[in-house]
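Shown next, in C-alpha cells, is the structure this report addresses.
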Amino acid sequence: MDAKAVAEIGTGCGVSGIHLLHGMRPDGVLTTVDPEPEHQQFARQAFRACGFASNRARFIPGRALDVLPRLADAGYDLVFCDGDRLEFLDYLAESLRLLRPGGLVVFEGVFANGRTVDSGPQPTEVLRLRELLRAVRESQELVPSLLPVGDGLLCAVKR
C-alpha cells in the first residue's frame, strides 16, 4: 500500500515492527507504542540488527490510550493493533481518527484460539473481541476482511 506512516500498538520485541518496516516505503516511519520501555529497547536493537536506520522508527513509551490521542488526525496509512485485547474497541475508535481515507487498520489475534466462535461462557477478553468484530462488520466507515492467518487478522480499509 506504499505506506509512509504506520502506527503500531504493542511493540513487543520488534518482530511485527520488522515486517511492517520491510513493507513500507524506504522513507517511511513506524511509530510504535508500548507501556514497557524494555520491550522498545529490544525492538530498537532488532531494527538496527536488520539494517534499518534509526530515523525509520519512533518509539513512544506509554499506554496506547494515553499516547494515541496525541498522534496526528488522518496522518497514518496503517494502524497495526497488537496491544491489550480489552482495549481493541478503543483502538478502533482512535484508528478511525488516525487513518487517512484508504488507510488500513489491522487487529492481531482476533480468533483468541478459537474462543470467539465458541458458544460456551467466555472471559471478558473474548466478549470484547466479539464486540470489536461486530463493530467493524457494522461500520459504515470500514470495508472489513477477516483473514485466517495465525490466530486471526481482522483488517479493515477506511472509506
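The chains in the C-alpha cells are called A, B, ... from first to last as shown; in each chain the residues are counted from 1, and the ligands are counted from 1 in the order shown.
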Handout entry: Expected answer as JSON, numbers by chain: alpha helix (DSSP H) residues in stretch 1-156 of chain A
Key = {"A": [15, 16, 17, 18, 19, 20, 21, 22, 23, 37, 38, 39, 40, 41, 42, 43, 44, 45, 46, 47, 48, 49, 64, 65, 66, 67, 88, 89, 90, 91, 92, 93, 94, 95, 96, 97, 98, 124, 125, 126, 127, 128, 129, 130, 131, 132, 133, 134, 135, 136, 137, 138]}
Could the residues in this selection be written to a file with C-alpha atoms, as a PDB file, in the first residue's frame?
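Result went into result-v6.pdb, see below:
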ATOM      1  CA  VAL A  15       9.074  -8.869  15.221  1.00  0.00           C
ATOM      2  CA  SER A  16       5.928  -7.270  13.782  1.00  0.00           C
ATOM      3  CA  GLY A  17       7.716  -3.929  13.513  1.00  0.00           C
ATOM      4  CA  ILE A  18      10.431  -5.505  11.348  1.00  0.00           C
ATOM      5  CA  HIS A  19       7.790  -6.867   8.987  1.00  0.00           C
ATOM      6  CA  LEU A  20       5.966  -3.551   8.917  1.00  0.00           C
ATOM      7  CA  LEU A  21       9.199  -1.689   8.125  1.00  0.00           C
ATOM      8  CA  HIS A  22      10.028  -4.127   5.325  1.00  0.00           C
ATOM      9  CA  GLY A  23       6.612  -3.432   3.773  1.00  0.00           C
ATOM     10  CA  PRO A  37      10.392   0.578  27.749  1.00  0.00           C
ATOM     11  CA  GLU A  38      12.398  -2.672  27.892  1.00  0.00           C
ATOM     12  CA  HIS A  39      10.335  -4.040  25.001  1.00  0.00           C
ATOM     13  CA  GLN A  40      11.156  -0.977  22.988  1.00  0.00           C
ATOM     14  CA  GLN A  41      14.873  -1.405  23.721  1.00  0.00           C
ATOM     15  CA  PHE A  42      14.733  -4.979  22.369  1.00  0.00           C
ATOM     16  CA  ALA A  43      12.875  -3.753  19.271  1.00  0.00           C
ATOM     17  CA  ARG A  44      15.349  -0.912  18.724  1.00  0.00           C
ATOM     18  CA  GLN A  45      18.207  -3.444  18.764  1.00  0.00           C
ATOM     19  CA  ALA A  46      16.308  -5.797  16.433  1.00  0.00           C
ATOM     20  CA  PHE A  47      15.602  -2.994  13.941  1.00  0.00           C
ATOM     21  CA  ARG A  48      19.259  -1.981  13.981  1.00  0.00           C
ATOM     22  CA  ALA A  49      20.368  -5.618  13.506  1.00  0.00           C
ATOM     23  CA  ALA A  64      -1.708   3.255  23.938  1.00  0.00           C
ATOM     24  CA  LEU A  65      -4.880   5.040  25.033  1.00  0.00           C
ATOM     25  CA  ASP A  66      -2.759   7.800  26.591  1.00  0.00           C
ATOM     26  CA  VAL A  67      -0.451   8.134  23.563  1.00  0.00           C
ATOM     27  CA  PHE A  88      -9.206  -3.169  20.996  1.00  0.00           C
ATOM     28  CA  LEU A  89     -12.573  -1.415  20.644  1.00  0.00           C
ATOM     29  CA  ASP A  90     -10.979   1.811  21.912  1.00  0.00           C
ATOM     30  CA  TYR A  91      -8.064   1.295  19.499  1.00  0.00           C
ATOM     31  CA  LEU A  92     -10.606   1.068  16.695  1.00  0.00           C
ATOM     32  CA  ALA A  93     -12.050   4.480  17.584  1.00  0.00           C
ATOM     33  CA  GLU A  94      -8.582   6.018  17.682  1.00  0.00           C
ATOM     34  CA  SER A  95      -7.599   4.289  14.437  1.00  0.00           C
ATOM     35  CA  LEU A  96     -10.555   5.791  12.590  1.00  0.00           C
ATOM     36  CA  ARG A  97      -9.288   9.223  13.614  1.00  0.00           C
ATOM     37  CA  LEU A  98      -5.637   8.450  12.815  1.00  0.00           C
ATOM     38  CA  THR A 124     -14.158 -10.656  29.138  1.00  0.00           C
ATOM     39  CA  GLU A 125     -11.319 -10.601  26.597  1.00  0.00           C
ATOM     40  CA  VAL A 126     -13.281 -12.827  24.212  1.00  0.00           C
ATOM     41  CA  LEU A 127     -16.501 -10.867  24.717  1.00  0.00           C
ATOM     42  CA  ARG A 128     -14.601  -7.675  23.850  1.00  0.00           C
ATOM     43  CA  LEU A 129     -13.183  -9.297  20.708  1.00  0.00           C
ATOM     44  CA  ARG A 130     -16.714 -10.227  19.663  1.00  0.00           C
ATOM     45  CA  GLU A 131     -17.774  -6.595  20.185  1.00  0.00           C
ATOM     46  CA  LEU A 132     -14.855  -5.469  18.013  1.00  0.00           C
ATOM     47  CA  LEU A 133     -15.761  -7.919  15.238  1.00  0.00           C
ATOM     48  CA  ARG A 134     -19.391  -6.754  15.343  1.00  0.00           C
ATOM     49  CA  ALA A 135     -18.425  -3.055  15.356  1.00  0.00           C
ATOM     50  CA  VAL A 136     -16.126  -3.447  12.341  1.00  0.00           C
ATOM     51  CA  ARG A 137     -18.685  -5.534  10.448  1.00  0.00           C
ATOM     52  CA  GLU A 138     -21.448  -2.964  11.074  1.00  0.00           C
TER      53      GLU A 138
END
Problem - Residues within 6 Å of A:Gly103, only C-alpha atoms, excluding chain neighbours under 2 positions, as a ChimeraX atom specification - result: /A:77-78,99-101,157-158
Deliver the residues from the most recent selection as a file, using N, CA and C atoms, as a PDB file, in the first residue's frame.
ATOM      1  N   ASP A  77      -1.146   5.745   7.342  1.00  0.00           N
ATOM      2  CA  ASP A  77      -1.604   4.867   6.283  1.00  0.00           C
ATOM      3  C   ASP A  77      -2.076   3.526   6.834  1.00  0.00           C
ATOM      4  N   LEU A  78      -1.501   3.122   7.959  1.00  0.00           N
ATOM      5  CA  LEU A  78      -1.819   1.824   8.555  1.00  0.00           C
ATOM      6  C   LEU A  78      -1.688   1.920  10.069  1.00  0.00           C
ATOM      7  N   LEU A  99      -6.328   7.315  10.765  1.00  0.00           N
ATOM      8  CA  LEU A  99      -6.154   6.867   9.383  1.00  0.00           C
ATOM      9  C   LEU A  99      -6.638   7.883   8.360  1.00  0.00           C
ATOM     10  N   ARG A 100      -5.887   7.967   7.278  1.00  0.00           N
ATOM     11  CA  ARG A 100      -6.320   8.736   6.114  1.00  0.00           C
ATOM     12  C   ARG A 100      -7.366   7.892   5.382  1.00  0.00           C
ATOM     13  N   PRO A 101      -8.201   8.463   4.515  1.00  0.00           N
ATOM     14  CA  PRO A 101      -9.097   7.649   3.696  1.00  0.00           C
ATOM     15  C   PRO A 101      -8.263   6.666   2.864  1.00  0.00           C
ATOM     16  N   VAL A 157     -10.336  -1.490   5.708  1.00  0.00           N
ATOM     17  CA  VAL A 157      -9.928  -0.283   4.992  1.00  0.00           C
ATOM     18  C   VAL A 157     -10.917   0.822   5.337  1.00  0.00           C
ATOM     19  N   LYS A 158     -10.372   2.000   5.631  1.00  0.00           N
ATOM     20  CA  LYS A 158     -11.227   3.148   5.911  1.00  0.00           C
ATOM     21  C   LYS A 158     -11.693   3.748   4.589  1.00  0.00           C
TER      22      LYS A 158
END
Problem - Spatial neighbours of stretch 108-114 of chain A, 8 Å, only C-alpha atoms, chain gap at least 6 places, as a PyMOL selection string - result: chain A and resi 80-82+126+129+150-154
Practice task
May I ask which of the residues A:Arg159, A:Pro123, A:Gln140, A:Leu147 is the closest one to A:Leu86, counting only C-alpha atoms?
Solution key: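 Checking each of A:Arg159, A:Pro123, A:Gln140, A:Leu147 against A:Leu86, counting only C-alpha atoms, the winner is A:Pro123.
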Fill in the blank from the handout: In terms of only C-alpha atoms, the residue from A:Val106, A:Ala74, A:Ala156, A:Ala7 at minimal distance from A:Arg58 is A:Ala7
Problem - Among the residues A:Gly28, A:Pro121, A:Pro144, A:Pro35, the one that comes closest to A:Val6 [using only C-alpha atoms] - result: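 Of the candidates, the smallest distance to A:Val6 is held by A:Gly28.
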Practice task
Record the distance separating atom CA of A:Leu104 and atom CA of A:Thr32, expressed in Å with one decimal.
Solution key: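 Distance between the two atoms: 15.9 Å.
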Handout entry: Nearest to A:Leu71 by atom-to-atom distance, counting only C-alpha atoms, from A:Ala5, A:Thr116, A:Arg85, A:Ala57
Key =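 Residue with the minimum atom-to-atom distance to A:Leu71: A:Ala5.
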Problem - d(atom CA of A:Thr11, atom CA of A:Phe107) in Å - result: 13.7 Å
Exercise for the section: Quote the spacing between atom CA of A:Ser54 and atom CA of A:Asp84 in Å to one decimal place. Expected result: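 Pair atom CA of A:Ser54 / atom CA of A:Asp84 returns 26.5 Å.
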Exercise for the section: Would you please give, as a ChimeraX atom specification, all residues of chain A that DSSP assigns to strand (DSSP E) based on the backbone? Expected result: /A:5-9,29-34,57-61,76-81,99-108,142-147,153-158
I need the residues from that last selection saved to file as a PDB file, in the first residue's frame (with C-alpha atoms), if you can.
ATOM      1  CA  ALA A   5       3.407   6.435   8.134  1.00  0.00           C
ATOM      2  CA  VAL A   6       2.466   3.407  10.236  1.00  0.00           C
ATOM      3  CA  ALA A   7       1.378   3.274  13.886  1.00  0.00           C
ATOM      4  CA  GLU A   8       1.932   0.080  15.848  1.00  0.00           C
ATOM      5  CA  ILE A   9       0.222  -0.582  19.161  1.00  0.00           C
ATOM      6  CA  VAL A  29       8.436   5.918   9.576  1.00  0.00           C
ATOM      7  CA  LEU A  30       7.000   3.422  12.052  1.00  0.00           C
ATOM      8  CA  THR A  31       5.593   4.934  15.251  1.00  0.00           C
ATOM      9  CA  THR A  32       5.450   2.191  17.848  1.00  0.00           C
ATOM     10  CA  VAL A  33       3.792   2.430  21.262  1.00  0.00           C
ATOM     11  CA  ASP A  34       4.318   0.119  24.234  1.00  0.00           C
ATOM     12  CA  ALA A  57      11.192   4.175  13.855  1.00  0.00           C
ATOM     13  CA  ARG A  58       9.804   6.430  16.536  1.00  0.00           C
ATOM     14  CA  PHE A  59       9.411   4.749  19.924  1.00  0.00           C
ATOM     15  CA  ILE A  60       6.832   6.170  22.328  1.00  0.00           C
ATOM     16  CA  PRO A  61       6.631   4.539  25.760  1.00  0.00           C
ATOM     17  CA  TYR A  76      -1.328   7.379   9.087  1.00  0.00           C
ATOM     18  CA  ASP A  77      -1.604   4.867   6.283  1.00  0.00           C
ATOM     19  CA  LEU A  78      -1.819   1.824   8.555  1.00  0.00           C
ATOM     20  CA  VAL A  79      -2.508   1.144  12.231  1.00  0.00           C
ATOM     21  CA  PHE A  80      -1.438  -2.292  13.499  1.00  0.00           C
ATOM     22  CA  CYS A  81      -3.078  -3.280  16.813  1.00  0.00           C
ATOM     23  CA  LEU A  99      -6.154   6.867   9.383  1.00  0.00           C
ATOM     24  CA  ARG A 100      -6.320   8.736   6.114  1.00  0.00           C
ATOM     25  CA  PRO A 101      -9.097   7.649   3.696  1.00  0.00           C
ATOM     26  CA  GLY A 102      -7.931   4.379   2.131  1.00  0.00           C
ATOM     27  CA  GLY A 103      -5.850   3.586   5.216  1.00  0.00           C
ATOM     28  CA  LEU A 104      -5.853   0.156   6.830  1.00  0.00           C
ATOM     29  CA  VAL A 105      -6.422  -0.929  10.424  1.00  0.00           C
ATOM     30  CA  VAL A 106      -5.294  -4.439  11.426  1.00  0.00           C
ATOM     31  CA  PHE A 107      -6.057  -6.338  14.638  1.00  0.00           C
ATOM     32  CA  GLU A 108      -3.948  -9.384  15.518  1.00  0.00           C
ATOM     33  CA  LEU A 142     -14.895   0.460   7.031  1.00  0.00           C
ATOM     34  CA  VAL A 143     -14.580  -2.321   4.472  1.00  0.00           C
ATOM     35  CA  PRO A 144     -13.578  -5.389   6.555  1.00  0.00           C
ATOM     36  CA  SER A 145     -11.810  -8.642   5.831  1.00  0.00           C
ATOM     37  CA  LEU A 146     -11.115 -11.439   8.309  1.00  0.00           C
ATOM     38  CA  LEU A 147      -8.029 -13.488   7.452  1.00  0.00           C
ATOM     39  CA  LEU A 153      -6.144 -10.985  11.440  1.00  0.00           C
ATOM     40  CA  LEU A 154      -9.008  -8.543  11.210  1.00  0.00           C
ATOM     41  CA  CYS A 155      -8.246  -5.991   8.500  1.00  0.00           C
ATOM     42  CA  ALA A 156     -10.419  -3.059   7.519  1.00  0.00           C
ATOM     43  CA  VAL A 157      -9.928  -0.283   4.992  1.00  0.00           C
ATOM     44  CA  LYS A 158     -11.227   3.148   5.911  1.00  0.00           C
TER      45      LYS A 158
END
Problem - Pick from A:Asp27, A:Pro69, A:Gly14, A:Asp118, whichever lies nearest to A:Asp2 using only C-alpha atoms - result: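 Looking at the shortest contact to A:Asp2, the residue is A:Asp27.
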